[in-house]
file my_file-v4.cif (mmCIF, C-alpha atoms)
data_upload
#
loop_
_atom_site.group_PDB
_atom_site.id
_atom_site.type_symbol
_atom_site.label_atom_id
_atom_site.label_comp_id
_atom_site.auth_asym_id
_atom_site.auth_seq_id
_atom_site.Cartn_x
_atom_site.Cartn_y
_atom_site.Cartn_z
ATOM 1 C CA MET A 327 -16.664 -5.716 18.757
ATOM 2 C CA ALA A 328 -13.221 -4.260 17.992
ATOM 3 C CA PHE A 329 -11.819 -3.956 14.493
ATOM 4 C CA GLU A 330 -8.931 -6.373 14.044
ATOM 5 C CA PRO A 331 -7.059 -5.546 10.844
ATOM 6 C CA THR A 332 -5.340 -8.247 8.837
ATOM 7 C CA ALA A 333 -1.584 -7.709 8.623
ATOM 8 C CA LEU A 334 -0.663 -7.194 4.973
ATOM 9 C CA ASN A 335 2.538 -7.407 2.957
ATOM 10 C CA LEU A 336 2.464 -3.607 2.611
ATOM 11 C CA PRO A 337 3.594 -0.770 4.872
ATOM 12 C CA THR A 338 1.139 0.326 7.565
ATOM 13 C CA TYR A 339 -0.579 3.681 7.202
ATOM 14 C CA PRO A 340 -2.521 5.901 9.659
ATOM 15 C CA PHE A 341 -6.036 5.395 8.305
ATOM 16 C CA LYS A 342 -9.074 7.207 9.661
ATOM 17 C CA ILE A 343 -11.314 4.380 10.864
ATOM 18 C CA THR A 344 -14.669 5.070 12.476
ATOM 19 C CA GLN A 345 -17.366 2.879 13.922
ATOM 20 C CA LYS A 346 -21.159 3.202 13.741
ATOM 21 C CA GLY A 347 -22.868 0.476 15.721
ATOM 22 C CA ASP A 348 -21.062 -2.745 14.853
ATOM 23 C CA GLN A 349 -19.941 -1.513 11.406
ATOM 24 C CA TYR A 350 -16.513 -0.018 10.665
ATOM 25 C CA PHE A 351 -15.689 2.576 8.021
ATOM 26 C CA ILE A 352 -12.421 3.714 6.473
ATOM 27 C CA PHE A 353 -11.890 7.173 4.976
ATOM 28 C CA ASP A 354 -10.953 7.077 1.287
ATOM 29 C CA GLU A 355 -8.628 10.023 0.518
ATOM 30 C CA ILE A 356 -9.271 9.788 -3.219
ATOM 31 C CA ARG A 357 -13.079 9.788 -3.110
ATOM 32 C CA LYS A 358 -13.204 11.914 0.063
ATOM 33 C CA LYS A 359 -15.752 9.724 1.830
ATOM 34 C CA HIS A 360 -16.063 6.980 4.424
ATOM 35 C CA LEU A 361 -16.521 3.467 3.025
ATOM 36 C CA VAL A 362 -17.599 0.251 4.697
ATOM 37 C CA LEU A 363 -14.417 -1.442 5.839
ATOM 38 C CA THR A 364 -14.474 -4.828 4.132
ATOM 39 C CA PRO A 365 -11.372 -7.022 3.791
ATOM 40 C CA GLU A 366 -11.129 -6.026 0.104
ATOM 41 C CA GLU A 367 -11.403 -2.324 0.984
ATOM 42 C CA TRP A 368 -8.649 -2.781 3.585
ATOM 43 C CA VAL A 369 -6.372 -4.104 0.811
ATOM 44 C CA ARG A 370 -7.435 -1.418 -1.700
ATOM 45 C CA GLN A 371 -6.773 1.453 0.718
ATOM 46 C CA HIS A 372 -3.362 0.059 1.669
ATOM 47 C CA PHE A 373 -2.370 -0.439 -1.951
ATOM 48 C CA ILE A 374 -3.490 3.079 -2.895
ATOM 49 C CA GLN A 375 -1.405 4.554 -0.072
ATOM 50 C CA TYR A 376 1.514 2.393 -1.207
ATOM 51 C CA LEU A 377 1.173 3.829 -4.720
ATOM 52 C CA ILE A 378 0.982 7.413 -3.461
ATOM 53 C CA LEU A 379 3.579 7.380 -0.682
ATOM 54 C CA GLU A 380 6.085 4.755 -1.809
ATOM 55 C CA LYS A 381 5.775 4.774 -5.603
ATOM 56 C CA LYS A 382 4.964 8.507 -5.979
ATOM 57 C CA PHE A 383 1.755 8.105 -8.000
ATOM 58 C CA PRO A 384 -0.174 11.413 -8.147
ATOM 59 C CA LYS A 385 -3.520 11.184 -6.313
ATOM 60 C CA SER A 386 -5.197 13.107 -9.116
ATOM 61 C CA LEU A 387 -4.412 10.315 -11.613
ATOM 62 C CA ILE A 388 -5.985 7.516 -9.557
ATOM 63 C CA GLN A 389 -9.567 6.419 -10.264
ATOM 64 C CA ILE A 390 -11.310 4.005 -7.914
ATOM 65 C CA GLU A 391 -14.151 1.695 -8.932
ATOM 66 C CA GLY A 392 -14.536 3.024 -12.444
ATOM 67 C CA GLY A 393 -17.193 1.430 -14.611
ATOM 68 C CA LEU A 394 -16.668 -0.500 -17.816
ATOM 69 C CA ASN A 395 -18.750 -2.561 -20.212
ATOM 70 C CA LEU A 396 -17.543 -6.105 -20.781
ATOM 71 C CA ASN A 397 -19.552 -8.380 -23.087
ATOM 72 C CA LYS A 398 -22.592 -6.122 -22.626
ATOM 73 C CA LEU A 399 -22.290 -6.408 -18.824
ATOM 74 C CA GLN A 400 -21.611 -3.472 -16.535
ATOM 75 C CA LYS A 401 -18.482 -4.192 -14.441
ATOM 76 C CA ARG A 402 -16.126 -2.083 -12.364
ATOM 77 C CA THR A 403 -12.370 -1.981 -12.060
ATOM 78 C CA ASP A 404 -11.000 -1.564 -8.549
ATOM 79 C CA VAL A 405 -8.327 0.982 -9.476
ATOM 80 C CA VAL A 406 -7.255 2.565 -12.764
ATOM 81 C CA ILE A 407 -4.144 4.726 -13.037
ATOM 82 C CA PHE A 408 -3.909 7.412 -15.722
ATOM 83 C CA ASN A 409 -0.944 9.278 -17.163
ATOM 84 C CA THR A 410 -0.823 13.068 -17.407
ATOM 85 C CA GLN A 411 -2.327 12.903 -20.932
ATOM 86 C CA GLY A 412 -5.438 11.208 -19.513
ATOM 87 C CA GLU A 413 -4.603 7.788 -20.963
ATOM 88 C CA ARG A 414 -5.170 4.676 -18.864
ATOM 89 C CA MET A 415 -1.840 3.077 -17.987
ATOM 90 C CA MET A 416 -2.586 0.559 -15.216
ATOM 91 C CA VAL A 417 -5.447 -1.612 -13.988
ATOM 92 C CA ILE A 418 -5.310 -2.882 -10.403
ATOM 93 C CA GLU A 419 -7.545 -5.674 -9.143
ATOM 94 C CA CYS A 420 -7.757 -5.959 -5.341
ATOM 95 C CA LYS A 421 -8.976 -9.024 -3.491
ATOM 96 C CA ALA A 422 -9.492 -9.776 0.180
ATOM 97 C CA PRO A 423 -6.485 -11.381 1.903
ATOM 98 C CA ALA A 424 -8.371 -14.694 2.160
ATOM 99 C CA VAL A 425 -8.751 -14.860 -1.648
ATOM 100 C CA LYS A 426 -5.893 -16.730 -3.268
ATOM 101 C CA ILE A 427 -4.275 -15.079 -6.279
ATOM 102 C CA ASN A 428 -4.646 -17.770 -8.926
ATOM 103 C CA GLN A 429 -5.221 -18.027 -12.665
ATOM 104 C CA SER A 430 -8.949 -17.229 -12.448
ATOM 105 C CA VAL A 431 -8.274 -14.011 -10.494
ATOM 106 C CA PHE A 432 -5.608 -12.992 -12.982
ATOM 107 C CA ASP A 433 -7.956 -13.884 -15.873
ATOM 108 C CA GLN A 434 -10.652 -11.604 -14.387
ATOM 109 C CA ALA A 435 -8.210 -8.697 -14.275
ATOM 110 C CA ALA A 436 -7.034 -9.501 -17.818
ATOM 111 C CA ARG A 437 -10.660 -9.456 -19.065
ATOM 112 C CA TYR A 438 -11.133 -5.994 -17.555
ATOM 113 C CA ASN A 439 -7.889 -4.908 -19.152
ATOM 114 C CA SER A 440 -9.069 -6.186 -22.532
ATOM 115 C CA VAL A 441 -11.367 -3.137 -22.401
ATOM 116 C CA HIS A 442 -8.880 -0.639 -20.913
ATOM 117 C CA LYS A 443 -5.783 -1.904 -22.786
ATOM 118 C CA THR A 444 -3.317 -0.584 -20.209
ATOM 119 C CA LYS A 445 0.419 -1.259 -20.251
ATOM 120 C CA TRP A 446 0.357 -2.554 -16.678
ATOM 121 C CA LEU A 447 -1.817 -5.039 -14.834
ATOM 122 C CA VAL A 448 -1.631 -5.527 -11.064
ATOM 123 C CA VAL A 449 -3.414 -8.135 -8.955
ATOM 124 C CA THR A 450 -3.111 -8.054 -5.157
ATOM 125 C CA ASN A 451 -4.718 -9.544 -2.080
ATOM 126 C CA GLY A 452 -2.472 -7.483 0.166
ATOM 127 C CA LEU A 453 -0.292 -10.494 0.886
ATOM 128 C CA MET A 454 0.765 -11.352 -2.655
ATOM 129 C CA HIS A 455 1.214 -8.826 -5.467
ATOM 130 C CA CYS A 456 1.492 -9.727 -9.161
ATOM 131 C CA TYR A 457 2.787 -7.075 -11.554
ATOM 132 C CA ALA A 458 2.621 -7.622 -15.315
ATOM 133 C CA SER A 459 3.904 -5.406 -18.103
ATOM 134 C CA ILE A 460 1.778 -5.876 -21.217
ATOM 135 C CA ASN A 461 2.551 -5.532 -24.916
ATOM 136 C CA HIS A 462 -0.883 -5.525 -26.573
ATOM 137 C CA GLN A 463 0.441 -5.530 -30.155
ATOM 138 C CA ALA A 464 2.466 -8.701 -29.555
ATOM 139 C CA GLU A 465 -0.225 -10.093 -27.209
ATOM 140 C CA GLN A 466 2.444 -10.800 -24.595
ATOM 141 C CA PHE A 467 2.983 -9.984 -20.961
ATOM 142 C CA VAL A 468 5.944 -10.231 -18.636
ATOM 143 C CA PHE A 469 5.704 -10.553 -14.876
ATOM 144 C CA VAL A 470 8.068 -8.283 -12.976
ATOM 145 C CA GLU A 471 9.130 -8.603 -9.358
ATOM 146 C CA ASN A 472 8.671 -4.963 -8.339
ATOM 147 C CA LEU A 473 6.351 -2.229 -9.484
ATOM 148 C CA PRO A 474 8.317 0.728 -10.872
ATOM 149 C CA ASN A 475 7.823 4.229 -9.491
ATOM 150 C CA TYR A 476 5.282 6.340 -11.383
ATOM 151 C CA LYS A 477 7.901 8.305 -13.343
ATOM 152 C CA GLU A 478 9.567 5.077 -14.481
ATOM 153 C CA LEU A 479 6.424 3.630 -16.082
#

call {"tool": "encode", "arguments": {"input": "my_file-v4.cif", "output": "structure tokens"}}
result
Amino acid sequence: MAFEPTALNLPTYPFKITQKGDQYFIFDEIRKKHLVLTPEEWVRQHFIQYLILEKKFPKSLIQIEGGLNLNKLQKRTDVVIFNTQGERMMVIECKAPAVKINQSVFDQAARYNSVHKTKWLVVTNGLMHCYASINHQAEQFVFVENLPNYKEL
């Protein structure tokens, strides 16, 4: 059974993909390990490379699958971006390409961000990307068409 990647609305990158039996794995440069290649992981790895190579986000400031407590439940955020002072500045929620980006998906990401309180919230399924700039004091957010480069945040 050959791995047939879903074409995404992101640049293509030369990932290290291996196969053991009928299971495929992708190498995660941030965590330095091979992960089961699920559709969501395919999107996450592409978006991380997009952040690093296109938007110039430092690898050292990217955290993947960090834990958080939400209403006494243990949850995890797909990706959190920090600034050089160690403050969280962006939460990224990745979904499989087959998952439609709708209000409930955005609400899930917003609930996670109610804990992190970052200035940016991103939701992507690899085909559609939603970028929101958040003002927590005014309890407002504004969708923007393009994600700024790291130094512009």

call {"tool": "resolve_selection", "arguments": {"input": "my_file-v4.cif", "expression": "the PyMOL selection byres ((chain A and resi 355-371) around 10)", "output": "MDAnalysis selection string"}}
result
chainID A and resid 329 331:336 339 341:345 349:354 372:377 385:390 404:405 418:425 450:453

call {"tool": "residues_around", "arguments": {"input": "my_file-v4.cif", "residues": "Ala435 (chain A)", "least_positions_apart": "5", "cutoff": "9 Å", "atoms": "all atoms listed in the file", "output": "ChimeraX atom specification"}}
result
/A:403,417-419,430,440,447-449

call {"tool": "residues_around", "arguments": {"input": "my_file-v4.cif", "residues": "Met416 (chain A)", "least_positions_apart": "4", "cutoff": "6 Å", "atoms": "all atoms listed in the file", "output": "PyMOL selection string"}}
result
chain A and resi 406-407+444+446-447

call {"tool": "atom_distance", "arguments": {"input": "my_file-v4.cif", "atom1": "CA of Lys477 (chain A)", "atom2": "CA of Pro340 (chain A)"}}
result
25.4 Å

call {"tool": "axis_aligned_box", "arguments": {"input": "my_file-v4.cif", "around": "region 400-415 of chain A", "padding_each_side": "4 Å", "output": "JSON"}}
result
{"center_x": -11.2, "center_y": 4.4, "center_z": -14.8, "size_x": 28.8, "size_y": 25.3, "size_z": 20.4}

call {"tool": "atom_distance", "arguments": {"input": "my_file-v4.cif", "atom1": "CA of Lys346 (chain A)", "atom2": "CA of Glu330 (chain A)"}}
result
15.5 Å

call {"tool": "atom_distance", "arguments": {"input": "my_file-v4.cif", "atom1": "CA of His462 (chain A)", "atom2": "CA of Tyr476 (chain A)"}}
result
20.2 Å

call {"tool": "closest_residue", "arguments": {"input": "my_file-v4.cif", "among": "A:Ala436, A:Leu479, A:Val441, A:Met454", "to": "Gln466 (chain A)", "atoms": "only C-alpha atoms"}}
result
A:Ala436

call {"tool": "build_atoms", "arguments": {"input": "my_file-v4.cif", "residues": "region 434-456 of chain A", "atoms": "N, CA and C atoms", "output": "CSV table (one decimal), in the frame of the given file"}}
result
chain,number,residue,atom,x,y,z
A,434,GLN,N,-9.6,-12.7,-14.6
A,434,GLN,CA,-10.7,-11.6,-14.4
A,434,GLN,C,-10.0,-10.2,-14.7
A,435,ALA,N,-8.9,-10.0,-14.1
A,435,ALA,CA,-8.2,-8.7,-14.3
A,435,ALA,C,-7.8,-8.5,-15.7
A,436,ALA,N,-7.4,-9.6,-16.4
A,436,ALA,CA,-7.0,-9.5,-17.8
A,436,ALA,C,-8.3,-9.2,-18.7
A,437,ARG,N,-9.4,-9.8,-18.3
A,437,ARG,CA,-10.7,-9.5,-19.1
A,437,ARG,C,-11.0,-8.0,-18.9
A,438,TYR,N,-10.9,-7.4,-17.7
A,438,TYR,CA,-11.1,-6.0,-17.6
A,438,TYR,C,-10.1,-5.2,-18.4
A,439,ASN,N,-8.9,-5.6,-18.4
A,439,ASN,CA,-7.9,-4.9,-19.2
A,439,ASN,C,-8.0,-5.1,-20.7
A,440,SER,N,-8.8,-6.1,-21.1
A,440,SER,CA,-9.1,-6.2,-22.5
A,440,SER,C,-9.9,-5.0,-23.0
A,441,VAL,N,-10.6,-4.4,-22.1
A,441,VAL,CA,-11.4,-3.1,-22.4
A,441,VAL,C,-10.5,-1.9,-22.3
A,442,HIS,N,-9.7,-1.8,-21.2
A,442,HIS,CA,-8.9,-0.6,-20.9
A,442,HIS,C,-7.6,-0.6,-21.7
A,443,LYS,N,-7.0,-1.8,-22.0
A,443,LYS,CA,-5.8,-1.9,-22.8
A,443,LYS,C,-4.6,-1.1,-22.2
A,444,THR,N,-4.4,-1.3,-20.9
A,444,THR,CA,-3.3,-0.6,-20.2
A,444,THR,C,-2.0,-1.3,-20.4
A,445,LYS,N,-0.9,-0.7,-20.1
A,445,LYS,CA,0.4,-1.3,-20.3
A,445,LYS,C,0.8,-2.1,-19.0
A,446,TRP,N,0.1,-1.9,-17.9
A,446,TRP,CA,0.4,-2.6,-16.7
A,446,TRP,C,-0.9,-3.2,-16.1
A,447,LEU,N,-0.7,-4.4,-15.5
A,447,LEU,CA,-1.8,-5.0,-14.8
A,447,LEU,C,-1.3,-5.5,-13.5
A,448,VAL,N,-2.0,-5.2,-12.4
A,448,VAL,CA,-1.6,-5.5,-11.1
A,448,VAL,C,-2.8,-6.3,-10.4
A,449,VAL,N,-2.4,-7.4,-9.7
A,449,VAL,CA,-3.4,-8.1,-9.0
A,449,VAL,C,-2.8,-8.3,-7.6
A,450,THR,N,-3.6,-7.9,-6.5
A,450,THR,CA,-3.1,-8.1,-5.2
A,450,THR,C,-4.2,-8.5,-4.2
A,451,ASN,N,-3.8,-9.3,-3.2
A,451,ASN,CA,-4.7,-9.5,-2.1
A,451,ASN,C,-4.1,-9.0,-0.8
A,452,GLY,N,-3.1,-8.1,-1.0
A,452,GLY,CA,-2.5,-7.5,0.2
A,452,GLY,C,-1.3,-8.3,0.7
A,453,LEU,N,-1.4,-9.6,0.4
A,453,LEU,CA,-0.3,-10.5,0.9
A,453,LEU,C,0.6,-10.8,-0.3
A,454,MET,N,0.0,-11.0,-1.4
A,454,MET,CA,0.8,-11.4,-2.7
A,454,MET,C,0.4,-10.3,-3.7
A,455,HIS,N,1.4,-9.8,-4.4
A,455,HIS,CA,1.2,-8.8,-5.5
A,455,HIS,C,1.8,-9.3,-6.8
A,456,CYS,N,1.0,-9.3,-7.8
A,456,CYS,CA,1.5,-9.7,-9.2
A,456,CYS,C,1.5,-8.5,-10.1
